[in-house]
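See below for data_20.cif, which holds mmCIF, C-alpha atoms (C1' of nucleotides).
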data_data
#
loop_
_atom_site.group_PDB
_atom_site.id
_atom_site.type_symbol
_atom_site.label_atom_id
_atom_site.label_comp_id
_atom_site.auth_asym_id
_atom_site.auth_seq_id
_atom_site.Cartn_x
_atom_site.Cartn_y
_atom_site.Cartn_z
ATOM 1 C CA MET A 1 0.000 0.000 0.000
ATOM 2 C CA ASN A 2 2.962 2.247 0.517
ATOM 3 C CA GLN A 3 3.792 1.068 -2.955
ATOM 4 C CA GLU A 4 0.392 2.140 -4.261
ATOM 5 C CA HIS A 5 0.929 5.455 -2.590
ATOM 6 C CA GLU A 6 4.240 5.914 -4.329
ATOM 7 C CA GLN A 7 2.702 4.891 -7.628
ATOM 8 C CA LEU A 8 -0.017 7.505 -7.192
ATOM 9 C CA ARG A 9 2.634 10.066 -6.402
ATOM 10 C CA LYS A 10 4.434 9.235 -9.622
ATOM 11 C CA ASP A 11 1.228 9.351 -11.647
ATOM 12 C CA VAL A 12 0.247 12.729 -10.285
ATOM 13 C CA THR A 13 3.731 14.127 -10.764
ATOM 14 C CA ALA A 14 3.769 12.944 -14.367
ATOM 15 C CA ARG A 15 0.362 14.428 -14.967
ATOM 16 C CA LEU A 16 1.387 17.807 -13.635
ATOM 17 C CA VAL A 17 4.542 17.857 -15.732
ATOM 18 C CA ARG A 18 2.578 16.824 -18.806
ATOM 19 C CA ASN A 19 0.387 19.881 -18.263
ATOM 20 C CA GLY A 20 3.240 22.285 -17.784
ATOM 21 C CA ILE A 21 3.008 22.527 -14.023
ATOM 22 C CA THR A 22 6.097 22.361 -11.826
ATOM 23 C CA PRO A 23 5.442 19.399 -9.492
ATOM 24 C CA THR A 24 6.259 20.888 -6.111
ATOM 25 C CA ARG A 25 5.705 18.939 -2.915
ATOM 26 C CA GLN A 26 2.518 20.866 -2.107
ATOM 27 C CA ARG A 27 1.040 20.529 -5.579
ATOM 28 C CA VAL A 28 1.666 16.811 -5.756
ATOM 29 C CA GLU A 29 0.179 16.399 -2.289
ATOM 30 C CA ILE A 30 -2.902 18.339 -3.366
ATOM 31 C CA GLY A 31 -3.137 16.482 -6.657
ATOM 32 C CA MET A 32 -2.968 13.108 -4.919
ATOM 33 C CA ARG A 33 -5.892 14.019 -2.706
ATOM 34 C CA LEU A 34 -7.787 15.658 -5.513
ATOM 35 C CA PHE A 35 -7.796 13.064 -8.248
ATOM 36 C CA ASP A 36 -8.522 10.346 -5.734
ATOM 37 C CA CYS A 37 -11.817 11.740 -4.502
ATOM 38 C CA ASP A 38 -15.304 12.909 -5.278
ATOM 39 C CA LYS A 39 -15.645 14.754 -8.509
ATOM 40 C CA HIS A 40 -16.952 17.930 -6.885
ATOM 41 C CA ILE A 41 -14.954 19.567 -4.168
ATOM 42 C CA THR A 42 -14.382 22.946 -2.554
ATOM 43 C CA ALA A 43 -11.068 24.391 -1.423
ATOM 44 C CA ASP A 44 -12.054 23.873 2.201
ATOM 45 C CA GLN A 45 -12.915 20.219 1.762
ATOM 46 C CA LEU A 46 -9.698 19.615 -0.100
ATOM 47 C CA LEU A 47 -7.635 21.380 2.550
ATOM 48 C CA GLU A 48 -9.141 19.131 5.166
ATOM 49 C CA ARG A 49 -8.381 16.022 3.135
ATOM 50 C CA VAL A 50 -4.806 17.054 2.554
ATOM 51 C CA ASN A 51 -4.041 17.936 6.140
ATOM 52 C CA ARG A 52 -5.800 14.855 7.477
ATOM 53 C CA GLY A 53 -3.106 12.926 5.677
ATOM 54 C CA ASN A 54 0.475 13.910 6.220
ATOM 55 C CA GLY A 55 0.497 16.995 4.039
ATOM 56 C CA GLU A 56 1.096 20.386 5.532
ATOM 57 C CA VAL A 57 -0.302 22.927 3.150
ATOM 58 C CA SER A 58 -1.845 26.324 3.785
ATOM 59 C CA LYS A 59 -5.297 27.329 2.695
ATOM 60 C CA ALA A 60 -3.945 29.993 0.336
ATOM 61 C CA THR A 61 -1.832 27.423 -1.448
ATOM 62 C CA VAL A 62 -4.842 25.174 -1.920
ATOM 63 C CA TYR A 63 -6.731 28.064 -3.520
ATOM 64 C CA ASN A 64 -3.835 29.055 -5.707
ATOM 65 C CA THR A 65 -3.218 25.480 -6.761
ATOM 66 C CA LEU A 66 -6.859 24.868 -7.614
ATOM 67 C CA GLY A 67 -6.838 28.030 -9.687
ATOM 68 C CA LEU A 68 -3.670 26.910 -11.445
ATOM 69 C CA PHE A 69 -5.031 23.435 -12.138
ATOM 70 C CA ALA A 70 -8.208 24.953 -13.536
ATOM 71 C CA ALA A 71 -6.249 27.327 -15.780
ATOM 72 C CA LYS A 72 -4.235 24.360 -17.076
ATOM 73 C CA GLY A 73 -7.325 22.341 -17.837
ATOM 74 C CA LEU A 74 -6.979 19.699 -15.127
ATOM 75 C CA LEU A 75 -10.081 20.998 -13.424
ATOM 76 C CA ARG A 76 -13.197 22.903 -14.207
ATOM 77 C CA GLU A 77 -14.963 25.388 -12.003
ATOM 78 C CA VAL A 78 -18.676 24.910 -11.436
ATOM 79 C CA VAL A 79 -20.713 27.999 -10.655
ATOM 80 C CA VAL A 80 -23.906 27.053 -8.866
ATOM 81 C CA ASP A 81 -23.662 29.003 -5.652
ATOM 82 C CA PRO A 82 -22.459 32.547 -5.153
ATOM 83 C CA GLY A 83 -19.794 32.742 -2.491
ATOM 84 C CA LYS A 84 -18.556 29.217 -3.035
ATOM 85 C CA GLN A 85 -16.111 27.921 -5.582
ATOM 86 C CA ILE A 86 -16.695 24.310 -6.491
ATOM 87 C CA PHE A 87 -14.199 22.454 -8.653
ATOM 88 C CA ASP A 88 -14.968 19.481 -10.827
ATOM 89 C CA THR A 89 -12.377 16.868 -11.772
ATOM 90 C CA ASN A 90 -14.589 15.863 -14.680
ATOM 91 C CA VAL A 91 -13.449 18.176 -17.472
ATOM 92 C CA SER A 92 -15.437 16.598 -20.294
ATOM 93 C CA PRO A 93 -18.499 18.556 -21.458
ATOM 94 C CA HIS A 94 -21.393 18.018 -19.108
ATOM 95 C CA HIS A 95 -23.963 19.846 -17.022
ATOM 96 C CA HIS A 96 -25.175 19.847 -13.447
ATOM 97 C CA LEU A 97 -28.085 19.021 -11.224
ATOM 98 C CA TYR A 98 -27.970 21.002 -8.008
ATOM 99 C CA ASN A 99 -30.111 20.349 -4.962
ATOM 100 C CA VAL A 100 -30.405 23.672 -3.172
ATOM 101 C CA ASP A 101 -31.657 21.977 -0.001
ATOM 102 C CA THR A 102 -28.886 19.431 0.431
ATOM 103 C CA GLY A 103 -26.112 21.023 -1.616
ATOM 104 C CA GLU A 104 -25.807 17.773 -3.572
ATOM 105 C CA LEU A 105 -24.329 18.280 -7.024
ATOM 106 C CA ARG A 106 -24.634 15.694 -9.759
ATOM 107 C CA ASP A 107 -23.459 15.523 -13.335
ATOM 108 C CA ILE A 108 -25.764 15.337 -16.306
ATOM 109 C CA GLU A 109 -24.143 13.909 -19.381
ATOM 110 C CA SER A 110 -23.847 16.462 -22.131
ATOM 111 C CA ARG A 111 -25.225 14.138 -24.771
ATOM 112 C CA ASP A 112 -28.445 13.741 -22.786
ATOM 113 C CA LEU A 113 -29.121 17.455 -22.824
ATOM 114 C CA VAL A 114 -29.564 19.272 -26.084
ATOM 115 C CA VAL A 115 -29.684 23.020 -26.444
ATOM 116 C CA SER A 116 -30.789 24.730 -29.600
ATOM 117 C CA GLY A 117 -31.392 28.327 -30.501
ATOM 118 C CA LEU A 118 -28.241 29.984 -29.269
ATOM 119 C CA PRO A 119 -28.198 33.613 -30.379
ATOM 120 C CA ALA A 120 -25.797 34.795 -33.039
ATOM 121 C CA LEU A 121 -22.782 36.503 -31.563
ATOM 122 C CA GLU A 122 -21.242 39.691 -32.823
ATOM 123 C CA THR A 123 -17.775 39.327 -34.286
ATOM 124 C CA GLY A 124 -14.915 39.439 -31.824
ATOM 125 C CA ILE A 125 -16.908 37.440 -29.306
ATOM 126 C CA GLU A 126 -16.449 33.713 -28.804
ATOM 127 C CA ILE A 127 -18.246 31.211 -26.653
ATOM 128 C CA THR A 128 -16.142 29.670 -23.908
ATOM 129 C CA GLY A 129 -18.867 27.453 -22.548
ATOM 130 C CA VAL A 130 -22.569 26.798 -22.145
ATOM 131 C CA ASP A 131 -23.361 25.861 -18.578
ATOM 132 C CA ILE A 132 -26.698 24.436 -17.623
ATOM 133 C CA VAL A 133 -27.707 24.087 -14.005
ATOM 134 C CA VAL A 134 -30.910 22.280 -13.170
ATOM 135 C CA ARG A 135 -31.881 23.485 -9.728
ATOM 136 C CA VAL A 136 -34.022 21.154 -7.664
ATOM 137 C CA ARG A 137 -35.281 21.005 -4.105
ATOM 138 C CA ASN A 138 -36.930 18.483 -1.873
ATOM 139 C CA ALA A 139 -40.643 18.738 -2.457
ATOM 140 C CA GLY A 140 -42.672 19.705 0.521
ATOM 141 C CA MET B 1 -41.528 65.649 -11.169
ATOM 142 C CA ASN B 2 -42.018 65.627 -7.437
ATOM 143 C CA GLN B 3 -45.407 64.351 -8.440
ATOM 144 C CA GLU B 4 -43.887 61.536 -10.509
ATOM 145 C CA HIS B 5 -41.689 60.740 -7.582
ATOM 146 C CA GLU B 6 -44.684 60.465 -5.283
ATOM 147 C CA GLN B 7 -46.493 58.346 -7.840
ATOM 148 C CA LEU B 8 -43.529 55.963 -7.997
ATOM 149 C CA ARG B 9 -43.478 55.791 -4.228
ATOM 150 C CA LYS B 10 -47.139 54.811 -4.230
ATOM 151 C CA ASP B 11 -46.625 52.220 -6.940
ATOM 152 C CA VAL B 12 -43.732 50.604 -5.141
ATOM 153 C CA THR B 13 -45.546 50.628 -1.829
ATOM 154 C CA ALA B 14 -48.567 48.975 -3.407
ATOM 155 C CA ARG B 15 -46.385 46.394 -5.069
ATOM 156 C CA LEU B 16 -44.680 45.474 -1.817
ATOM 157 C CA VAL B 17 -47.985 45.165 0.006
ATOM 158 C CA ARG B 18 -49.403 43.043 -2.805
ATOM 159 C CA ASN B 19 -46.494 40.658 -2.282
ATOM 160 C CA GLY B 20 -46.865 40.446 1.468
ATOM 161 C CA ILE B 21 -43.989 42.761 2.336
ATOM 162 C CA THR B 22 -44.352 45.463 4.987
ATOM 163 C CA PRO B 23 -43.545 48.689 3.136
ATOM 164 C CA THR B 24 -41.058 50.323 5.469
ATOM 165 C CA ARG B 25 -39.271 53.537 4.569
ATOM 166 C CA GLN B 26 -36.060 51.698 3.683
ATOM 167 C CA ARG B 27 -37.731 49.038 1.580
ATOM 168 C CA VAL B 28 -39.734 51.538 -0.428
ATOM 169 C CA GLU B 29 -36.609 53.604 -0.950
ATOM 170 C CA ILE B 30 -34.766 50.530 -2.174
ATOM 171 C CA GLY B 31 -37.678 49.424 -4.325
ATOM 172 C CA MET B 32 -37.914 52.829 -5.992
ATOM 173 C CA ARG B 33 -34.283 52.687 -6.989
ATOM 174 C CA LEU B 34 -34.465 49.064 -7.970
ATOM 175 C CA PHE B 35 -37.439 48.894 -10.301
ATOM 176 C CA ASP B 36 -36.338 52.083 -12.017
ATOM 177 C CA CYS B 37 -32.969 50.809 -13.195
ATOM 178 C CA ASP B 38 -30.990 48.306 -15.171
ATOM 179 C CA LYS B 39 -32.275 44.792 -14.994
ATOM 180 C CA HIS B 40 -29.101 43.373 -13.490
ATOM 181 C CA ILE B 41 -27.733 44.853 -10.333
ATOM 182 C CA THR B 42 -25.583 43.952 -7.342
ATOM 183 C CA ALA B 43 -26.143 44.965 -3.751
ATOM 184 C CA ASP B 44 -23.237 47.378 -3.936
ATOM 185 C CA GLN B 45 -24.492 49.151 -7.027
ATOM 186 C CA LEU B 46 -27.935 49.436 -5.511
ATOM 187 C CA LEU B 47 -26.588 50.829 -2.251
ATOM 188 C CA GLU B 48 -24.773 53.506 -4.187
ATOM 189 C CA ARG B 49 -27.897 54.428 -6.141
ATOM 190 C CA VAL B 50 -29.993 54.641 -3.008
ATOM 191 C CA ASN B 51 -27.573 56.767 -1.036
ATOM 192 C CA ARG B 52 -26.816 59.026 -3.990
ATOM 193 C CA GLY B 53 -30.452 60.041 -3.723
ATOM 194 C CA ASN B 54 -31.818 61.050 -0.358
ATOM 195 C CA GLY B 55 -32.102 57.588 1.151
ATOM 196 C CA GLU B 56 -30.051 56.611 4.137
ATOM 197 C CA VAL B 57 -29.882 52.855 4.187
ATOM 198 C CA SER B 58 -27.148 50.549 5.434
ATOM 199 C CA LYS B 59 -25.468 47.914 3.334
ATOM 200 C CA ALA B 60 -26.837 45.122 5.473
ATOM 201 C CA THR B 61 -30.374 46.331 4.913
ATOM 202 C CA VAL B 62 -29.834 46.392 1.171
ATOM 203 C CA TYR B 63 -28.666 42.773 1.303
ATOM 204 C CA ASN B 64 -31.502 41.693 3.529
ATOM 205 C CA THR B 65 -34.055 43.512 1.405
ATOM 206 C CA LEU B 66 -32.758 42.030 -1.837
ATOM 207 C CA GLY B 67 -32.950 38.600 -0.242
ATOM 208 C CA LEU B 68 -36.491 39.276 0.906
ATOM 209 C CA PHE B 69 -37.599 40.565 -2.488
ATOM 210 C CA ALA B 70 -36.090 37.505 -4.147
ATOM 211 C CA ALA B 71 -37.858 35.172 -1.712
ATOM 212 C CA LYS B 72 -41.154 36.920 -2.467
ATOM 213 C CA GLY B 73 -40.680 36.623 -6.201
ATOM 214 C CA LEU B 74 -40.057 40.280 -7.017
ATOM 215 C CA LEU B 75 -36.528 39.465 -8.043
ATOM 216 C CA ARG B 76 -34.492 36.581 -9.259
ATOM 217 C CA GLU B 77 -30.927 35.826 -8.411
ATOM 218 C CA VAL B 78 -28.526 35.173 -11.259
ATOM 219 C CA VAL B 79 -25.556 32.951 -10.523
ATOM 220 C CA VAL B 80 -22.783 33.573 -13.021
ATOM 221 C CA ASP B 81 -19.891 34.546 -10.825
ATOM 222 C CA PRO B 82 -18.846 33.064 -7.510
ATOM 223 C CA GLY B 83 -18.424 35.741 -4.878
ATOM 224 C CA LYS B 84 -20.963 38.086 -6.402
ATOM 225 C CA GLN B 85 -24.710 38.065 -6.088
ATOM 226 C CA ILE B 86 -26.441 39.594 -9.071
ATOM 227 C CA PHE B 87 -30.169 40.249 -8.983
ATOM 228 C CA ASP B 88 -32.425 40.453 -11.979
ATOM 229 C CA THR B 89 -35.651 42.441 -12.017
ATOM 230 C CA ASN B 90 -36.806 40.350 -14.957
ATOM 231 C CA VAL B 91 -38.521 37.403 -13.298
ATOM 232 C CA SER B 92 -39.978 35.830 -16.431
ATOM 233 C CA PRO B 93 -38.229 32.666 -17.645
ATOM 234 C CA HIS B 94 -35.089 33.530 -19.543
ATOM 235 C CA HIS B 95 -31.396 32.775 -19.691
ATOM 236 C CA HIS B 96 -28.145 34.690 -19.722
ATOM 237 C CA LEU B 97 -25.182 35.587 -21.840
ATOM 238 C CA TYR B 98 -22.180 36.498 -19.722
ATOM 239 C CA ASN B 99 -19.020 38.130 -20.977
ATOM 240 C CA VAL B 100 -16.294 37.069 -18.577
ATOM 241 C CA ASP B 101 -13.968 39.795 -19.859
ATOM 242 C CA THR B 102 -16.263 42.769 -19.471
ATOM 243 C CA GLY B 103 -18.731 41.452 -16.899
ATOM 244 C CA GLU B 104 -21.556 42.347 -19.261
ATOM 245 C CA LEU B 105 -24.689 40.294 -18.668
ATOM 246 C CA ARG B 106 -27.469 40.034 -21.228
ATOM 247 C CA ASP B 107 -30.755 38.215 -21.315
ATOM 248 C CA ILE B 108 -31.575 35.484 -23.775
ATOM 249 C CA GLU B 109 -35.273 34.974 -24.280
ATOM 250 C CA SER B 110 -36.400 31.623 -23.037
ATOM 251 C CA ARG B 111 -38.373 30.839 -26.175
ATOM 252 C CA ASP B 112 -35.212 31.210 -28.251
ATOM 253 C CA LEU B 113 -33.404 28.542 -26.294
ATOM 254 C CA VAL B 114 -34.771 25.036 -26.147
ATOM 255 C CA VAL B 115 -33.517 22.337 -23.819
ATOM 256 C CA SER B 116 -34.468 18.714 -24.201
ATOM 257 C CA GLY B 117 -33.384 15.572 -22.467
ATOM 258 C CA LEU B 118 -33.717 16.520 -18.823
ATOM 259 C CA PRO B 119 -33.156 13.476 -16.632
ATOM 260 C CA ALA B 120 -36.013 11.887 -14.737
ATOM 261 C CA LEU B 121 -36.060 12.925 -11.129
ATOM 262 C CA GLU B 122 -36.643 10.655 -8.199
ATOM 263 C CA THR B 123 -39.867 11.273 -6.315
ATOM 264 C CA GLY B 124 -39.751 13.921 -3.653
ATOM 265 C CA ILE B 125 -37.566 16.117 -5.818
ATOM 266 C CA GLU B 126 -38.903 19.018 -7.837
ATOM 267 C CA ILE B 127 -37.253 21.351 -10.297
ATOM 268 C CA THR B 128 -37.108 24.970 -9.213
ATOM 269 C CA GLY B 129 -35.379 26.222 -12.297
ATOM 270 C CA VAL B 130 -33.188 25.491 -15.280
ATOM 271 C CA ASP B 131 -30.513 28.122 -15.641
ATOM 272 C CA ILE B 132 -28.444 28.394 -18.756
ATOM 273 C CA VAL B 133 -25.413 30.619 -18.864
ATOM 274 C CA VAL B 134 -23.640 31.121 -22.149
ATOM 275 C CA ARG B 135 -20.145 32.260 -21.265
ATOM 276 C CA VAL B 136 -18.329 34.338 -23.860
ATOM 277 C CA ARG B 137 -15.130 36.305 -24.055
ATOM 278 C CA ASN B 138 -13.548 38.783 -26.400
ATOM 279 C CA ALA B 139 -11.698 36.787 -29.023
ATOM 280 C CA GLY B 140 -7.973 37.276 -29.274
ATOM 281 C "C1'" DG C 1 -47.418 46.423 28.228
ATOM 282 C "C1'" DT C 2 -46.293 42.745 25.270
ATOM 283 C "C1'" DC C 3 -44.651 40.734 21.130
ATOM 284 C "C1'" DA C 4 -43.453 40.180 16.325
ATOM 285 C "C1'" DG C 5 -40.889 42.330 12.981
ATOM 286 C "C1'" DT C 6 -37.082 45.564 11.220
ATOM 287 C "C1'" DG C 7 -32.455 47.823 10.474
ATOM 288 C "C1'" DC C 8 -27.777 47.993 11.096
ATOM 289 C "C1'" DA C 9 -22.931 47.574 13.441
ATOM 290 C "C1'" DA C 10 -20.059 44.274 13.976
ATOM 291 C "C1'" DA C 11 -18.604 39.716 13.066
ATOM 292 C "C1'" DC C 12 -17.764 36.159 9.717
ATOM 293 C "C1'" DC C 13 -15.863 33.587 6.098
ATOM 294 C "C1'" DC C 14 -14.134 32.791 1.592
ATOM 295 C "C1'" DT C 15 -10.692 34.477 -1.526
ATOM 296 C "C1'" DT C 16 -6.801 37.290 -3.164
ATOM 297 C "C1'" DT C 17 -2.553 39.733 -2.678
ATOM 298 C "C1'" DG C 18 2.122 41.092 -1.480
ATOM 299 C "C1'" DC C 19 6.241 39.605 -0.101
ATOM 300 C "C1'" DA C 20 9.952 36.521 1.969
ATOM 301 C "C1'" DG C 21 12.228 32.672 0.475
ATOM 302 C "C1'" DA C 22 13.409 28.798 -2.676
ATOM 303 C "C1'" DA C 23 14.668 27.069 -7.105
ATOM 304 C "C1'" DA C 24 16.441 27.633 -11.611
ATOM 305 C "C1'" DG C 25 19.595 29.619 -14.978
ATOM 306 C "C1'" DC D 1 24.624 36.489 -8.860
ATOM 307 C "C1'" DT D 2 20.299 37.475 -11.049
ATOM 308 C "C1'" DT D 3 15.835 36.209 -12.290
ATOM 309 C "C1'" DT D 4 11.778 33.675 -11.968
ATOM 310 C "C1'" DC D 5 8.661 31.162 -9.538
ATOM 311 C "C1'" DT D 6 6.384 29.339 -5.250
ATOM 312 C "C1'" DG D 7 3.909 29.259 -0.720
ATOM 313 C "C1'" DC D 8 1.738 31.478 2.815
ATOM 314 C "C1'" DA D 9 0.484 35.276 6.449
ATOM 315 C "C1'" DA D 10 -2.083 38.876 6.388
ATOM 316 C "C1'" DA D 11 -5.342 41.851 4.143
ATOM 317 C "C1'" DG D 12 -9.530 42.399 1.543
ATOM 318 C "C1'" DG D 13 -14.350 42.378 0.327
ATOM 319 C "C1'" DG D 14 -18.834 40.548 0.009
ATOM 320 C "C1'" DT D 15 -22.444 38.568 3.041
ATOM 321 C "C1'" DT D 16 -24.719 37.161 7.310
ATOM 322 C "C1'" DT D 17 -25.894 37.489 12.114
ATOM 323 C "C1'" DG D 18 -27.240 39.091 16.717
ATOM 324 C "C1'" DC D 19 -29.297 42.423 19.093
ATOM 325 C "C1'" DA D 20 -31.340 47.074 20.146
ATOM 326 C "C1'" DC D 21 -35.238 49.315 18.582
ATOM 327 C "C1'" DT D 22 -39.570 50.372 16.464
ATOM 328 C "C1'" DG D 23 -44.299 49.821 15.503
ATOM 329 C "C1'" DA D 24 -48.550 47.110 15.947
ATOM 330 C "C1'" DC D 25 -52.064 45.218 18.896
#

Take the structure from the file and write it as structure tokens.
Amino acid sequence: MNQEHEQLRKDVTARLVRNGITPTRQRVEIGMRLFDCDKHITADQLLERVNRGNGEVSKATVYNTLGLFAAKGLLREVVVDPGKQIFDTNVSPHHHLYNVDTGELRDIESRDLVVSGLPALETGIEITGVDIVVRVRNAG
Amino acid sequence: MNQEHEQLRKDVTARLVRNGITPTRQRVEIGMRLFDCDKHITADQLLERVNRGNGEVSKATVYNTLGLFAAKGLLREVVVDPGKQIFDTNVSPHHHLYNVDTGELRDIESRDLVVSGLPALETGIEITGVDIVVRVRNAG
DNA sequence: GTCAGTGCAAACCCTTTGCAGAAAG
DNA sequence: CTTTCTGCAAAGGGTTTGCACTGAC
């Protein structure tokens, strides 16, 4: 299992390098906890995971690292709640189902959801993404 | 024009009462500035508008009032940016086009945008809304 | 006089920034 | 040695909360 651990470390390191990210101790630590977890995670949750292990990493570094990973395409930010950054390790095109009562966030496969009728854009403007959030609540 | 002003005050007061909101001085003041402005506005922008006039209202009250108005259906919250609550005075079904470079936010008529393939929901869960955000940026 | 409802100062929490220090050239 | 990059303490800014106060009955 220490072997598995070392293997994971190597995998993460390689992945960072492949994406042009210097694999520092903190980043590898964060990456190991990140890619081995739920698909949706906040900086706080990740910080807790990292420091529950052996890693000693500050909150600011977790934020900065998540931002860096997102900029490099290893992560995607999901905007469903103001005042809360949620990151998604699933970077393929897909949408989200968000339960406002429980905070539960689930993926909806992109191919299941079809959007038509996008407006024409003026020149000089390009689409970076179409995000669909289906908001649900517990009936009552 | 003082007459118009008084007419607006009456209209806003009536509207609040109709929606089950006690029309206090602060709320009417806020409402007058709110329904007579751009469709998309943040608490900060609204506070500035209110206090540029005669109104003396604290920031906290603006936040609380916006939250109350939204809960009562006079407003709708638009989630396009984490760390920033934007309110929309247009409460009819529609979607948004968001320019991440300029912060510009525009409406897309709901009838122009068709979504199909929503997943079946388990019982006890109901949809409160389907929000589509088309993110764009200035090309280059 | 009592009680529900309101407004705001202060507290809170998430995020960003500025800088000391490390690593690379 | 100089330059670039990294990590984090402290600062920042948007939002919420707890309580004094007001108005209604």

Evaluate the PyMOL selection byres ((chain A) within 6 of (chain B)) against this structure - the residues, as an mmCIF file with C-alpha atoms, keeping the file's coordinate frame, please.
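Saved to selection_21.cif:
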data_model
loop_
_atom_site.group_PDB
_atom_site.id
_atom_site.type_symbol
_atom_site.label_atom_id
_atom_site.label_comp_id
_atom_site.auth_asym_id
_atom_site.auth_seq_id
_atom_site.Cartn_x
_atom_site.Cartn_y
_atom_site.Cartn_z
ATOM 1 C CA PRO A 82 -22.459 32.547 -5.153
ATOM 2 C CA GLY A 83 -19.794 32.742 -2.491
ATOM 3 C CA LYS A 84 -18.556 29.217 -3.035
ATOM 4 C CA ASP A 112 -28.445 13.741 -22.786
ATOM 5 C CA LEU A 113 -29.121 17.455 -22.824
ATOM 6 C CA VAL A 114 -29.564 19.272 -26.084
ATOM 7 C CA VAL A 115 -29.684 23.020 -26.444
ATOM 8 C CA SER A 116 -30.789 24.730 -29.600
ATOM 9 C CA GLY A 117 -31.392 28.327 -30.501
ATOM 10 C CA GLY A 124 -14.915 39.439 -31.824
ATOM 11 C CA ILE A 125 -16.908 37.440 -29.306
ATOM 12 C CA GLU A 126 -16.449 33.713 -28.804
ATOM 13 C CA ILE A 127 -18.246 31.211 -26.653
ATOM 14 C CA THR A 128 -16.142 29.670 -23.908
ATOM 15 C CA GLY A 129 -18.867 27.453 -22.548
ATOM 16 C CA VAL A 130 -22.569 26.798 -22.145
ATOM 17 C CA ASP A 131 -23.361 25.861 -18.578
ATOM 18 C CA ILE A 132 -26.698 24.436 -17.623
ATOM 19 C CA VAL A 133 -27.707 24.087 -14.005
ATOM 20 C CA VAL A 134 -30.910 22.280 -13.170
ATOM 21 C CA ARG A 135 -31.881 23.485 -9.728
ATOM 22 C CA VAL A 136 -34.022 21.154 -7.664
ATOM 23 C CA ARG A 137 -35.281 21.005 -4.105
ATOM 24 C CA ASN A 138 -36.930 18.483 -1.873
ATOM 25 C CA ALA A 139 -40.643 18.738 -2.457
#

**Exercise answer, chain B residues close to chain C, 12 Å and all atoms listed in the file, as number ranges by chain** = B: 21-27, 56-65, 82-84

**Item:** Given the PyMOL selection byres ((chain A and resi 46) around 12), the residues it picks as JSON, numbers by chain
**Value:** {"A": [29, 30, 31, 32, 33, 34, 35, 36, 37, 38, 39, 40, 41, 42, 43, 44, 45, 47, 48, 49, 50, 51, 52, 53, 55, 57, 58, 59, 60, 61, 62, 63, 65, 66, 85, 86, 87, 88]}

**Message:** Here's the selection I'm unsure about, the PyMOL selection byres ((chain D) within 12 of (chain A)); applied to the file above, which residues does it give, as a ChimeraX atom specification?
**Reply:** /D:5-10,13-16

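Computed from the coordinates, the atom CA of Leu74 of chain B to atom CA of Asn19 of chain B distance equals 8.0 Å.
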
Kindly compute an axis-aligned box around the listed atoms of segment 4-22 of chain C, allowing 6 Å on each side, and express its centre and edge lengths in Å to one decimal as JSON.
{"center_x": -15.0, "center_y": 38.4, "center_z": 6.6, "size_x": 68.9, "size_y": 31.2, "size_z": 31.5}

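Relative to atom CA of Thr89 of chain A, atom CA of Arg9 of chain A is found at 17.3 Å.
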
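For the pair atom CA of Ser92 of chain B and atom CA of Lys72 of chain B, the separation is 14.1 Å.
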